[in-house]
>>> print(open('start.txt').read())   # compact mmCIF, C-alpha atoms and all ligand atoms
# COMPACT_ATOMS: atom_id res chain seq x y z
CA MET A 26 0.00 0.00 0.00
CA ASP A 27 1.10 3.59 -0.54
CA SER A 28 0.00 4.62 2.91
CA CYS A 29 2.15 7.12 4.79
CA ARG A 30 1.58 4.74 7.67
CA GLY A 31 2.98 1.86 5.52
CA VAL A 32 6.08 2.01 3.34
CA ARG A 33 7.91 5.24 4.13
CA THR A 34 10.73 5.45 1.64
CA ALA A 35 11.56 8.54 -0.39
CA VAL A 36 13.92 9.64 -3.12
CA ILE A 37 14.55 13.39 -3.18
CA VAL A 38 16.23 14.86 -6.24
CA GLY A 39 18.46 17.82 -5.34
CA ALA A 40 20.42 18.63 -2.18
CA GLY A 41 19.67 22.36 -2.15
CA VAL A 42 17.78 24.26 0.53
CA ALA A 43 14.44 22.60 -0.30
CA GLY A 44 15.80 19.06 -0.68
CA LEU A 45 17.90 19.10 2.49
CA THR A 46 15.18 20.57 4.70
CA ALA A 47 12.50 18.21 3.32
CA ALA A 48 14.89 15.29 3.86
CA THR A 49 15.56 16.27 7.48
CA ALA A 50 11.88 16.84 8.28
CA LEU A 51 10.85 13.51 6.69
CA ALA A 52 13.71 11.55 8.29
CA ARG A 53 12.73 12.88 11.72
CA ASP A 54 9.23 11.49 11.03
CA GLY A 55 10.65 8.05 10.39
CA TRP A 56 11.04 8.15 6.61
CA GLN A 57 14.00 6.45 4.98
CA VAL A 58 15.36 9.15 2.66
CA GLU A 59 17.92 9.09 -0.11
CA ILE A 60 18.93 12.25 -2.01
CA ALA A 61 20.22 12.14 -5.58
CA GLU A 62 22.36 15.24 -6.17
CA THR A 63 23.90 16.06 -9.50
CA THR A 64 27.03 17.85 -8.25
CA ALA A 65 30.08 15.69 -7.62
CA THR A 66 30.94 16.54 -4.00
CA GLY A 67 29.57 18.01 -0.74
CA PRO A 68 27.78 21.19 0.33
CA ALA A 69 30.38 23.73 -0.84
CA GLU A 70 30.00 22.65 -4.45
CA THR A 71 26.23 22.25 -4.19
CA ALA A 72 25.99 25.81 -2.88
CA SER A 73 28.14 27.15 -5.69
CA GLY A 74 25.69 25.63 -8.19
CA THR A 75 23.14 28.20 -7.07
CA SER A 76 23.51 31.91 -7.66
CA GLY A 77 25.62 34.36 -5.77
CA TRP A 78 27.63 34.28 -2.60
CA GLY A 79 25.13 34.73 0.11
CA LEU A 80 21.53 34.70 1.10
CA CYS A 81 19.40 36.96 3.18
CA LEU A 82 17.39 34.71 5.50
CA THR A 83 14.29 36.79 6.15
CA GLY A 84 11.97 36.29 9.14
CA PRO A 85 9.98 33.44 7.58
CA SER A 86 13.25 31.60 6.73
CA LEU A 87 14.50 31.96 10.30
CA ARG A 88 11.12 30.90 11.69
CA ALA A 89 11.08 27.74 9.54
CA LEU A 90 14.74 27.00 10.36
CA ASP A 91 13.92 27.52 14.03
CA GLU A 92 11.28 24.80 13.78
CA LEU A 93 14.06 22.51 12.61
CA GLY A 94 16.23 23.74 15.48
CA LEU A 95 18.73 25.32 13.07
CA ALA A 96 18.10 29.09 13.33
CA ASP A 97 20.65 29.64 16.10
CA ALA A 98 23.37 27.88 14.12
CA CYS A 99 22.60 30.15 11.16
CA LEU A 100 22.66 33.24 13.38
CA ALA A 101 25.95 32.14 14.97
CA GLU A 102 27.64 31.60 11.61
CA GLY A 103 25.90 34.37 9.69
CA TYR A 104 25.14 38.01 10.55
CA GLY A 105 21.94 38.88 12.41
CA MET A 106 20.21 42.16 11.51
CA SER A 107 16.81 43.84 11.69
CA THR A 108 16.72 46.85 9.36
CA ILE A 109 16.62 47.66 5.67
CA THR A 110 17.87 51.18 4.86
CA HIS A 111 16.56 52.64 1.62
CA VAL A 112 18.59 55.37 -0.11
CA ASP A 113 17.16 57.50 -2.92
CA VAL A 114 18.68 58.36 -6.30
CA ASP A 115 20.40 61.44 -4.80
CA GLY A 116 22.10 59.37 -2.10
CA GLU A 117 19.72 60.69 0.59
CA PRO A 118 18.04 58.40 3.17
CA ALA A 119 14.57 57.38 1.92
CA GLY A 120 13.48 55.48 5.03
CA GLU A 121 14.42 52.65 7.31
CA VAL A 122 12.26 49.55 7.53
CA ARG A 123 12.29 47.63 10.81
CA LEU A 124 11.34 44.08 10.00
CA PRO A 125 9.21 42.01 12.37
CA ARG A 126 11.20 39.69 14.66
CA LEU A 127 9.43 36.42 13.96
CA ILE A 128 11.59 34.28 16.26
CA GLY A 129 11.26 36.50 19.32
CA ALA A 130 12.25 39.96 20.47
CA ARG A 131 15.68 38.80 21.64
CA ARG A 132 16.76 37.45 18.29
CA PRO A 133 17.27 39.45 15.06
CA ALA A 134 14.63 39.78 12.34
CA MET A 135 16.84 38.27 9.63
CA ALA A 136 20.34 37.05 8.89
CA GLY A 137 22.81 37.29 6.06
CA ILE A 138 24.71 34.04 5.52
CA ALA A 139 27.19 32.67 2.99
CA ARG A 140 25.55 29.98 0.86
CA PRO A 141 28.19 27.29 1.56
CA VAL A 142 27.78 27.93 5.30
CA LEU A 143 23.98 27.51 5.14
CA HIS A 144 24.29 24.41 2.99
CA GLY A 145 26.87 23.00 5.40
CA ILE A 146 24.47 23.42 8.35
CA LEU A 147 21.53 21.85 6.47
CA TYR A 148 23.67 19.04 5.07
CA ALA A 149 25.16 18.09 8.44
CA GLU A 150 21.70 17.93 10.03
CA ALA A 151 20.28 15.79 7.21
CA GLU A 152 23.15 13.33 7.54
CA ARG A 153 22.77 13.32 11.33
CA CYS A 154 19.12 12.29 10.82
CA GLY A 155 20.21 9.35 8.66
CA VAL A 156 19.61 10.83 5.20
CA VAL A 157 21.89 9.34 2.53
CA VAL A 158 23.15 11.89 -0.02
CA ARG A 159 24.45 10.39 -3.26
CA HIS A 160 26.49 12.79 -5.36
CA GLY A 161 27.04 12.77 -9.12
CA VAL A 162 23.68 11.15 -9.85
CA THR A 163 20.43 12.41 -11.23
CA VAL A 164 17.08 10.88 -12.11
CA ALA A 165 16.86 9.29 -15.56
CA ALA A 166 13.28 7.96 -15.62
CA VAL A 167 10.15 7.82 -13.47
CA ASP A 168 7.39 5.26 -13.78
CA GLN A 169 4.25 5.51 -11.67
CA GLU A 170 2.05 3.29 -13.85
CA GLN A 171 3.81 -0.06 -13.64
CA GLU A 172 4.60 -0.22 -9.97
CA GLY A 173 1.20 -0.16 -8.28
CA GLU A 174 1.40 2.17 -5.34
CA LEU A 175 5.14 2.72 -5.50
CA VAL A 176 7.10 5.05 -7.79
CA ARG A 177 9.86 3.43 -9.82
CA VAL A 178 12.79 5.83 -10.04
CA GLN A 179 15.71 5.04 -12.30
CA LEU A 180 18.88 6.95 -11.49
CA SER A 181 21.55 7.98 -13.99
CA ASP A 182 24.00 5.37 -12.69
CA GLY A 183 21.53 2.61 -13.61
CA THR A 184 20.27 1.85 -10.10
CA VAL A 185 16.52 1.59 -9.60
CA ARG A 186 14.57 2.54 -6.49
CA LYS A 187 10.93 1.63 -5.80
CA VAL A 188 9.75 4.14 -3.25
CA ALA A 189 6.53 5.55 -1.78
CA LEU A 190 7.50 9.16 -2.50
CA LEU A 191 9.49 11.05 -5.15
CA VAL A 192 10.32 14.70 -4.42
CA GLY A 193 11.75 16.95 -7.12
CA ALA A 194 13.79 19.60 -5.28
CA ASP A 195 16.06 20.14 -8.25
CA GLY A 196 15.76 23.89 -8.65
CA ILE A 197 14.40 26.26 -11.26
CA ARG A 198 15.50 24.07 -14.20
CA SER A 199 13.96 20.96 -12.62
CA SER A 200 14.12 17.68 -14.56
CA VAL A 201 11.63 15.99 -12.23
CA ARG A 202 9.02 18.60 -13.19
CA GLY A 203 9.23 17.38 -16.80
CA LEU A 204 9.39 13.69 -15.85
CA LEU A 205 6.19 14.07 -13.81
CA GLY A 206 4.54 16.01 -16.67
CA LEU A 207 4.09 19.16 -14.57
CA GLY A 208 4.57 22.13 -16.90
CA THR A 209 6.92 22.23 -19.85
CA SER A 210 10.52 23.06 -19.14
CA PRO A 211 12.21 25.30 -20.33
CA GLY A 212 9.00 27.06 -21.51
CA ILE A 213 8.10 27.55 -17.86
CA LEU A 214 11.06 29.90 -17.28
CA ASP A 215 10.48 33.64 -17.72
CA PHE A 216 13.27 36.18 -18.25
CA HIS A 217 12.43 39.70 -17.07
CA GLY A 218 14.94 41.99 -18.82
CA GLN A 219 17.21 42.27 -15.80
CA MET A 220 20.60 40.82 -14.93
CA VAL A 221 21.58 40.51 -11.26
CA TRP A 222 25.12 40.92 -9.99
CA ARG A 223 26.64 39.64 -6.78
CA ALA A 224 30.18 40.26 -5.43
CA LEU A 225 31.76 39.08 -2.22
CA VAL A 226 33.42 42.02 -0.40
CA PRO A 227 34.80 42.92 3.03
CA ARG A 228 32.00 44.24 5.28
CA PRO A 229 32.26 48.02 5.77
CA ARG A 230 31.81 48.94 9.48
CA TRP A 231 28.68 50.99 8.72
CA ALA A 232 26.91 47.98 7.18
CA THR A 233 25.01 46.50 10.13
CA GLY A 234 21.79 45.90 8.16
CA VAL A 235 20.70 45.63 4.54
CA HIS A 236 21.31 48.82 2.51
CA GLN A 237 19.48 49.39 -0.73
CA PHE A 238 20.36 52.19 -3.17
CA ALA A 239 18.02 53.43 -5.89
CA GLY A 240 19.88 54.52 -9.02
CA LYS A 241 18.85 56.41 -12.13
CA ALA A 242 19.03 53.23 -14.19
CA ASP A 243 19.79 50.34 -11.81
CA THR A 244 19.43 49.40 -8.14
CA ALA A 245 22.20 48.21 -5.83
CA GLY A 246 22.89 47.38 -2.22
CA LEU A 247 24.85 45.56 0.42
CA VAL A 248 24.07 42.59 2.72
CA PRO A 249 26.40 41.64 5.62
CA LEU A 250 27.22 37.91 5.74
CA SER A 251 29.46 37.81 8.80
CA ASP A 252 31.61 40.20 10.84
CA ARG A 253 34.12 40.22 8.03
CA GLN A 254 32.18 39.65 4.83
CA ALA A 255 29.27 41.15 2.92
CA TYR A 256 27.91 40.86 -0.58
CA VAL A 257 27.19 43.66 -2.99
CA PHE A 258 24.14 43.26 -5.20
CA LEU A 259 23.21 45.19 -8.29
CA THR A 260 20.25 44.77 -10.61
CA GLU A 261 20.84 45.94 -14.16
CA ASN A 262 17.70 47.05 -15.98
CA GLY A 263 16.64 46.79 -19.60
CA VAL A 264 19.37 44.42 -20.76
CA GLU A 265 19.51 41.40 -23.02
CA ARG A 266 20.24 38.03 -21.47
CA SER A 267 23.96 37.65 -22.12
CA VAL A 268 27.20 36.20 -20.75
CA LEU A 269 30.26 38.42 -20.15
CA PRO A 270 33.81 37.03 -20.09
CA ASP A 271 34.98 36.51 -16.48
CA THR A 272 37.71 39.13 -16.86
CA GLU A 273 35.13 41.83 -17.66
CA LEU A 274 32.91 41.17 -14.64
CA ALA A 275 34.66 43.18 -11.90
CA PRO A 276 35.49 46.22 -14.10
CA ARG A 277 31.92 46.33 -15.45
CA LEU A 278 30.35 46.03 -11.98
CA ARG A 279 32.62 48.82 -10.71
CA GLN A 280 31.53 50.96 -13.64
CA LEU A 281 27.83 50.34 -12.91
CA LEU A 282 28.31 51.13 -9.20
CA GLY A 283 30.07 54.36 -10.18
CA ALA A 284 26.69 55.76 -11.25
CA PHE A 285 25.43 55.76 -7.64
CA PRO A 286 26.05 58.70 -5.30
CA GLY A 287 27.29 58.47 -1.68
CA ARG A 288 27.70 55.04 -0.14
CA GLY A 289 26.51 53.40 -3.35
CA LYS A 290 29.62 54.72 -5.04
CA GLU A 291 31.76 53.94 -1.98
CA ILE A 292 31.11 50.20 -2.27
CA ARG A 293 32.56 50.30 -5.79
CA SER A 294 36.06 50.34 -4.34
CA LEU A 295 35.30 47.12 -2.42
CA VAL A 296 34.76 45.10 -5.59
CA SER A 297 38.17 43.75 -6.45
CA ALA A 298 38.75 40.25 -7.82
CA SER A 299 36.74 39.07 -10.80
CA GLU A 300 36.44 35.60 -9.26
CA SER A 301 34.17 37.06 -6.61
CA VAL A 302 31.70 38.53 -9.12
CA VAL A 303 28.76 36.65 -10.62
CA ARG A 304 26.11 37.89 -13.06
CA ARG A 305 22.88 35.99 -13.70
CA PRO A 306 19.61 36.61 -15.58
CA VAL A 307 16.53 37.33 -13.46
CA LEU A 308 14.35 34.29 -14.08
CA THR A 309 11.13 33.13 -12.50
CA ALA A 310 9.19 29.88 -12.74
CA LEU A 311 5.76 28.86 -11.53
CA VAL A 312 4.06 25.53 -12.11
CA ASP A 313 0.56 26.31 -13.31
CA GLY A 314 -1.83 23.94 -11.58
CA ALA A 315 -0.92 21.06 -9.28
CA TRP A 316 2.71 20.46 -8.30
CA ASN A 317 2.01 16.77 -7.67
CA ARG A 318 1.16 13.74 -9.77
CA GLY A 319 0.53 10.37 -8.14
CA ASN A 320 3.22 9.90 -5.52
CA GLY A 321 5.55 12.52 -7.03
CA VAL A 322 5.77 16.22 -6.21
CA VAL A 323 8.02 19.21 -6.93
CA ILE A 324 8.97 21.71 -4.22
CA GLY A 325 11.13 24.83 -3.81
CA ASP A 326 12.30 26.61 -6.97
CA ALA A 327 11.23 23.58 -9.02
CA ALA A 328 7.61 24.54 -8.28
CA HIS A 329 7.83 28.31 -7.66
CA ALA A 330 10.97 30.37 -8.25
CA PRO A 331 10.52 34.09 -7.47
CA ALA A 332 12.79 36.86 -8.73
CA PRO A 333 15.46 37.50 -6.05
CA HIS A 334 14.07 40.98 -5.18
CA MET A 335 12.05 39.76 -2.17
CA ALA A 336 14.95 37.63 -0.86
CA SER A 337 12.40 34.97 0.01
CA GLY A 338 12.92 31.99 -2.32
CA ALA A 339 14.84 30.12 0.38
CA ALA A 340 12.10 30.89 2.90
CA LEU A 341 9.54 29.21 0.66
CA ALA A 342 11.91 26.28 0.10
CA VAL A 343 12.42 25.64 3.84
CA GLU A 344 8.69 26.06 4.54
CA ASP A 345 7.90 23.57 1.76
CA GLY A 346 10.10 20.93 3.41
CA LEU A 347 8.43 21.39 6.79
CA VAL A 348 4.84 21.50 5.51
CA LEU A 349 5.43 18.50 3.24
CA ALA A 350 6.53 16.32 6.15
CA ARG A 351 3.70 17.61 8.32
CA GLU A 352 0.95 16.89 5.76
CA LEU A 353 2.35 13.43 4.94
CA GLY A 354 2.30 12.72 8.66
CA ARG A 355 -1.36 13.72 8.87
CA HIS A 356 -2.74 11.65 5.99
CA GLU A 357 -3.18 7.95 5.43
CA SER A 358 -1.90 7.91 1.86
CA VAL A 359 0.95 9.69 0.12
CA GLY A 360 -1.41 10.95 -2.59
CA ALA A 361 -3.73 12.56 -0.02
CA GLY A 362 -0.77 14.04 1.87
CA LEU A 363 0.61 15.57 -1.33
CA ARG A 364 -2.75 17.05 -2.30
CA ALA A 365 -3.06 18.63 1.14
CA PHE A 366 0.51 19.95 0.92
CA VAL A 367 -0.04 21.56 -2.49
CA GLY A 368 -3.40 22.95 -1.35
CA ARG A 369 -1.74 24.65 1.61
CA ARG A 370 1.21 26.08 -0.30
CA THR A 371 -0.05 27.20 -3.72
CA ARG A 372 -1.55 30.59 -2.85
CA ARG A 373 1.36 31.84 -0.73
CA CYS A 374 3.99 30.79 -3.25
CA ARG A 375 2.08 32.12 -6.25
CA THR A 376 1.60 35.48 -4.49
CA LEU A 377 5.31 35.75 -3.79
CA VAL A 378 6.35 34.91 -7.37
CA GLU A 379 3.79 37.32 -8.85
CA THR A 380 4.75 40.10 -6.42
CA SER A 381 8.43 39.64 -7.25
CA VAL A 382 7.58 40.07 -10.95
CA ALA A 383 5.58 43.23 -10.15
CA ILE A 384 8.60 44.63 -8.26
CA VAL A 385 10.78 43.97 -11.31
CA GLY A 386 8.32 46.01 -13.40
CA LEU A 387 8.30 48.91 -10.92
CA GLU A 388 12.11 48.98 -10.78
CA GLN A 389 12.31 49.06 -14.56
CA ALA A 390 9.85 51.96 -14.62
CA GLN A 391 12.02 53.78 -12.02
CA ARG A 392 9.05 53.78 -9.60
CA HIS A 393 11.32 52.97 -6.64
CA ASN A 394 9.04 54.22 -3.88
CA GLU A 395 6.21 52.03 -5.10
CA ALA A 396 8.62 49.10 -5.36
CA TYR A 397 9.77 49.64 -1.74
CA ALA A 398 6.15 49.83 -0.56
CA LEU A 399 5.31 46.59 -2.36
CA VAL A 400 8.38 44.86 -0.88
CA ASP A 401 7.33 45.98 2.61
CA SER A 402 3.71 44.85 2.22
CA CYS A 403 4.83 41.51 0.83
CA HIS A 404 7.22 41.03 3.81
CA ARG A 405 4.22 41.62 6.09
CA LEU A 406 2.21 39.03 4.16
CA MET A 407 5.07 36.55 4.38
CA ALA A 408 5.18 37.10 8.13
CA GLU A 409 1.80 35.34 8.34
CA PRO A 410 2.18 31.66 9.28
CA ALA A 411 3.13 29.36 6.36
C1 LIG B 1 20.88 35.92 -7.47
C2 LIG B 1 19.95 35.29 -6.50
C3 LIG B 1 19.88 35.76 -5.21
C4 LIG B 1 18.99 35.21 -4.29
N1 LIG B 1 18.96 35.71 -3.02
C5 LIG B 1 18.10 35.16 -2.13
C6 LIG B 1 18.05 35.64 -0.80
O1 LIG B 1 18.77 36.55 -0.42
N2 LIG B 1 17.18 35.06 0.07
C7 LIG B 1 16.35 34.02 -0.31
O2 LIG B 1 15.57 33.52 0.50
N3 LIG B 1 16.39 33.55 -1.57
C8 LIG B 1 17.24 34.08 -2.48
N4 LIG B 1 17.29 33.58 -3.75
C9 LIG B 1 16.43 32.45 -4.08
C10 LIG B 1 17.03 31.15 -3.54
O3 LIG B 1 18.38 31.02 -3.93
C11 LIG B 1 16.24 29.95 -4.07
O4 LIG B 1 14.86 30.21 -3.95
C12 LIG B 1 16.59 28.69 -3.30
O5 LIG B 1 17.96 28.41 -3.48
C13 LIG B 1 15.75 27.55 -3.79
O6 LIG B 1 16.18 26.35 -3.21
P1 LIG B 1 15.96 24.97 -3.97
O7 LIG B 1 16.53 23.94 -3.07
O8 LIG B 1 14.55 24.86 -4.40
O9 LIG B 1 16.80 25.07 -5.31
P2 LIG B 1 18.38 25.18 -5.48
O10 LIG B 1 18.98 25.98 -4.41
O11 LIG B 1 18.58 25.61 -6.90
O12 LIG B 1 18.89 23.68 -5.30
C14 LIG B 1 18.65 22.69 -6.28
C15 LIG B 1 19.61 21.55 -6.06
O13 LIG B 1 19.31 20.51 -6.99
C16 LIG B 1 20.48 20.12 -7.67
N5 LIG B 1 20.05 19.66 -9.00
C17 LIG B 1 19.65 20.42 -10.05
N6 LIG B 1 19.26 19.63 -11.06
C18 LIG B 1 19.42 18.36 -10.64
C19 LIG B 1 19.17 17.11 -11.24
N7 LIG B 1 18.67 17.01 -12.48
N8 LIG B 1 19.45 15.99 -10.54
C20 LIG B 1 19.94 16.05 -9.27
N9 LIG B 1 20.18 17.23 -8.66
C21 LIG B 1 19.91 18.37 -9.33
C22 LIG B 1 21.37 21.35 -7.68
O14 LIG B 1 22.74 21.00 -7.86
C23 LIG B 1 21.07 21.92 -6.30
O15 LIG B 1 21.88 21.33 -5.32
C24 LIG B 1 18.15 34.14 -4.68
C25 LIG B 1 18.20 33.66 -6.00
C26 LIG B 1 19.08 34.22 -6.90
C27 LIG B 1 19.10 33.70 -8.32
>>> encode(input="start.txt", output="structure tokens", more="lines below")
Ligand SMILES: Cc1cc2nc3c(=O)[nH]c(=O)nc-3n(C[C@H](O)[C@H](O)[C@H](O)COP(=O)(O)OP(=O)(O)OC[C@H]3O[C@@H](n4cnc5c(N)ncnc54)[C@H](O)[C@@H]3O)c2cc1C
Amino acid sequence: MDSCRGVRTAVIVGAGVAGLTAATALARDGWQVEIAETTATGPAETASGTSGWGLCLTGPSLRALDELGLADACLAEGYGMSTITHVDVDGEPAGEVRLPRLIGARRPAMAGIARPVLHGILYAEAERCGVVVRHGVTVAAVDQEQEGELVRVQLSDGTVRKVALLVGADGIRSSVRGLLGLGTSPGILDFHGQMVWRALVPRPRWATGVHQFAGKADTAGLVPLSDRQAYVFLTENGVERSVLPDTELAPRLRQLLGAFPGRGKEIRSLVSASESVVRRPVLTALVDGAWNRGNGVVIGDAAHAPAPHMASGAALAVEDGLVLARELGRHESVGAGLRAFVGRRTRRCRTLVETSVAIVGLEQAQRHNEAYALVDSCHRLMAEPA
């Protein structure tokens, strides 16, 4: 039988934020979990497969990580903060937003953290809970028809698993999404005429929260990651999707930052080595309709990838992992658990993706104040329980 109370074996594809948190939550509920991860080695490489150097863990991320008992580790290794400072196109302060402290008044509202550090924390906890992570493998085929109540998953190294649950946590370009027939990849990906830049820099002493600078053409900012490090972000508007040679990255980012007054310009001098600079297209994805078929489901960016402007994709990914385990624990069958999971998550995730796209539009129209207001109202919405 496919009952959650019967066979409790799962294959999760992808050891990113969504896959690792789902694996930990399921393993703690007694599931036997194996992760198939395409990168060759451990968390440092897995983290580098995603974009940029660091992440801002907003209140909902910290709240979900706290439920897993991991928020304090993230705060200890990252940089806790509670304010976003907005600066206008003339370099003048345009307001300071104090974010709600969702994990209690004594702990910060959010944290900046280096991606490899976050992945290391999540990875260690998954392994501690008995999750097996297999590197250098992906999923080659999925068959739900022939195997009764189990899913037959064929991996790229030829091994076959017959499991009660298949979870696609394989990111915005998900293969599992296609194998389950949920939306057509790559047609599901939308490019929004922006390229985002990230550069790892030393943390200036004044950067004790997130700083965001409106520019005449682009937007930029700074997020502390630790006492010593921060990352610079810049969003370039109205550009074609293109790849620049690595040697051009740092000089070009410095040039773009040069257009900002005040502290915006000051951070230009922090961008040094080209190896620390990445540039990526702003892409979003949203599965239209159900994210599940039979005993398979997609979660995290594979189901709903927002533009990075709300800094909340990881929050949705961690919440997905928690809610998935909770709903499977509440229902007799995997199919019913997955339907309940998708029912609970669709509206929140769709709202976030659509709001992030609206923010992109406002930035491109240079309507920064409206963009800030939309970001703030969406943060308040996200503060509601998942
Ligand atoms: C520039 C940028 C900045 C961002 N900043 C923030 C931020 O500050 N805060 C925030 O909350 N969110 C941010 N996000 C969003 C956040 O990074 C994602 O929402 C989050 O990483 C999604 O997690 P995931 O596990 O679903 O996917 P991913 O992190 O993409 O992980 C997918 C995993 O699956 C693996 N994989 C892929 N394909 C396969 C396959 N076929 N087989 C096996 N394994 C596979 C990958 O190697 C990876 O390990 C940002 C995104 C971008 C692009």
>>> residues_near_ligand(input="start.txt", ligand="ligand LIG 1 (chain B)", cutoff="7 Å", atoms="only C-alpha atoms and all ligand atoms", output="PDB file with C-alpha atoms, in the frame of the given file")
ATOM      1  CA  VAL A  38      16.230  14.860  -6.240  1.00  0.00           C
ATOM      2  CA  GLY A  39      18.460  17.820  -5.340  1.00  0.00           C
ATOM      3  CA  ALA A  40      20.420  18.630  -2.180  1.00  0.00           C
ATOM      4  CA  GLY A  41      19.670  22.360  -2.150  1.00  0.00           C
ATOM      5  CA  VAL A  42      17.780  24.260   0.530  1.00  0.00           C
ATOM      6  CA  ALA A  43      14.440  22.600  -0.300  1.00  0.00           C
ATOM      7  CA  GLY A  44      15.800  19.060  -0.680  1.00  0.00           C
ATOM      8  CA  ALA A  61      20.220  12.140  -5.580  1.00  0.00           C
ATOM      9  CA  GLU A  62      22.360  15.240  -6.170  1.00  0.00           C
ATOM     10  CA  THR A  63      23.900  16.060  -9.500  1.00  0.00           C
ATOM     11  CA  THR A  64      27.030  17.850  -8.250  1.00  0.00           C
ATOM     12  CA  THR A  71      26.230  22.250  -4.190  1.00  0.00           C
ATOM     13  CA  ALA A  72      25.990  25.810  -2.880  1.00  0.00           C
ATOM     14  CA  GLY A  74      25.690  25.630  -8.190  1.00  0.00           C
ATOM     15  CA  THR A  75      23.140  28.200  -7.070  1.00  0.00           C
ATOM     16  CA  SER A  76      23.510  31.910  -7.660  1.00  0.00           C
ATOM     17  CA  GLY A  77      25.620  34.360  -5.770  1.00  0.00           C
ATOM     18  CA  GLY A  79      25.130  34.730   0.110  1.00  0.00           C
ATOM     19  CA  LEU A  80      21.530  34.700   1.100  1.00  0.00           C
ATOM     20  CA  CYS A  81      19.400  36.960   3.180  1.00  0.00           C
ATOM     21  CA  LEU A  82      17.390  34.710   5.500  1.00  0.00           C
ATOM     22  CA  THR A  83      14.290  36.790   6.150  1.00  0.00           C
ATOM     23  CA  SER A  86      13.250  31.600   6.730  1.00  0.00           C
ATOM     24  CA  VAL A 162      23.680  11.150  -9.850  1.00  0.00           C
ATOM     25  CA  THR A 163      20.430  12.410 -11.230  1.00  0.00           C
ATOM     26  CA  VAL A 164      17.080  10.880 -12.110  1.00  0.00           C
ATOM     27  CA  ALA A 194      13.790  19.600  -5.280  1.00  0.00           C
ATOM     28  CA  ASP A 195      16.060  20.140  -8.250  1.00  0.00           C
ATOM     29  CA  GLY A 196      15.760  23.890  -8.650  1.00  0.00           C
ATOM     30  CA  ILE A 197      14.400  26.260 -11.260  1.00  0.00           C
ATOM     31  CA  ARG A 198      15.500  24.070 -14.200  1.00  0.00           C
ATOM     32  CA  SER A 199      13.960  20.960 -12.620  1.00  0.00           C
ATOM     33  CA  SER A 200      14.120  17.680 -14.560  1.00  0.00           C
ATOM     34  CA  VAL A 221      21.580  40.510 -11.260  1.00  0.00           C
ATOM     35  CA  ARG A 223      26.640  39.640  -6.780  1.00  0.00           C
ATOM     36  CA  ARG A 305      22.880  35.990 -13.700  1.00  0.00           C
ATOM     37  CA  VAL A 307      16.530  37.330 -13.460  1.00  0.00           C
ATOM     38  CA  ILE A 324       8.970  21.710  -4.220  1.00  0.00           C
ATOM     39  CA  GLY A 325      11.130  24.830  -3.810  1.00  0.00           C
ATOM     40  CA  ASP A 326      12.300  26.610  -6.970  1.00  0.00           C
ATOM     41  CA  ALA A 327      11.230  23.580  -9.020  1.00  0.00           C
ATOM     42  CA  ALA A 330      10.970  30.370  -8.250  1.00  0.00           C
ATOM     43  CA  PRO A 331      10.520  34.090  -7.470  1.00  0.00           C
ATOM     44  CA  ALA A 332      12.790  36.860  -8.730  1.00  0.00           C
ATOM     45  CA  PRO A 333      15.460  37.500  -6.050  1.00  0.00           C
ATOM     46  CA  ALA A 336      14.950  37.630  -0.860  1.00  0.00           C
ATOM     47  CA  SER A 337      12.400  34.970   0.010  1.00  0.00           C
ATOM     48  CA  GLY A 338      12.920  31.990  -2.320  1.00  0.00           C
ATOM     49  CA  ALA A 339      14.840  30.120   0.380  1.00  0.00           C
ATOM     50  CA  ALA A 340      12.100  30.890   2.900  1.00  0.00           C
ATOM     51  CA  ALA A 342      11.910  26.280   0.100  1.00  0.00           C
TER      52      ALA A 342
END
>>> residues_near_point(input="start.txt", point="(2.8, 27.2, 6.0)", cutoff="8 Å", atoms="all atoms listed in the file", output="PyMOL selection string")
chain A and resi 344-345+348+369-370+410-411
>>> atom_distance(input="start.txt", atom1="CA of Thr34 in chain A", atom2="CA of Glu174 in chain A")
12.1 Å
>>> closest_residue(input="start.txt", among="A:Arg131, A:Arg304, A:His217, A:Arg355", to="Asp271 in chain A", atoms="all atoms listed in the file")
A:Arg304
>>> atom_distance(input="start.txt", atom1="CA of Gln254 in chain A", atom2="CA of Met106 in chain A")
13.9 Å
>>> atom_distance(input="start.txt", atom1="CA of Ile109 in chain A", atom2="CA of His236 in chain A")
5.8 Å
>>> closest_residue(input="start.txt", among="A:Thr309, A:Gln179, A:Thr371, A:Thr233", to="Val385 in chain A", atoms="only C-alpha atoms")
A:Thr309
>>> closest_residue(input="start.txt", among="A:Glu300, A:Asp182, A:Glu170, A:Asp91", to="Val226 in chain A", atoms="all atoms listed in the file")
A:Glu300
>>> residues_near_point(input="start.txt", point="(0.9, 18.3, 2.2)", cutoff="8 Å", atoms="all atoms listed in the file", output="ChimeraX atom specification")
/A:348-353,361-369
>>> residues_around(input="start.txt", residues="Trp222 in chain A", least_positions_apart="3", cutoff="12 Å", atoms="only C-alpha atoms", output="number ranges by chain")
A: 76-79, 219, 225, 243-247, 256-262, 268-269, 274-275, 277-279, 281-282, 296, 299, 301-307, 333
>>> residues_around(input="start.txt", residues="Ala390 in chain A", least_positions_apart="4", cutoff="10 Å", atoms="all atoms listed in the file", output="short mmCIF file (atom, residue, chain, number, x, y, z; two decimals) with C-alpha atoms, in the coordinates of the input")
data_model
loop_
_atom_site.label_atom_id
_atom_site.label_comp_id
_atom_site.auth_asym_id
_atom_site.auth_seq_id
_atom_site.Cartn_x
_atom_site.Cartn_y
_atom_site.Cartn_z
CA ALA A 242 19.03 53.23 -14.19
CA ASN A 262 17.70 47.05 -15.98
CA GLY A 263 16.64 46.79 -19.60
CA ILE A 384 8.60 44.63 -8.26
CA VAL A 385 10.78 43.97 -11.31
CA GLY A 386 8.32 46.01 -13.40
CA ALA A 396 8.62 49.10 -5.36
#
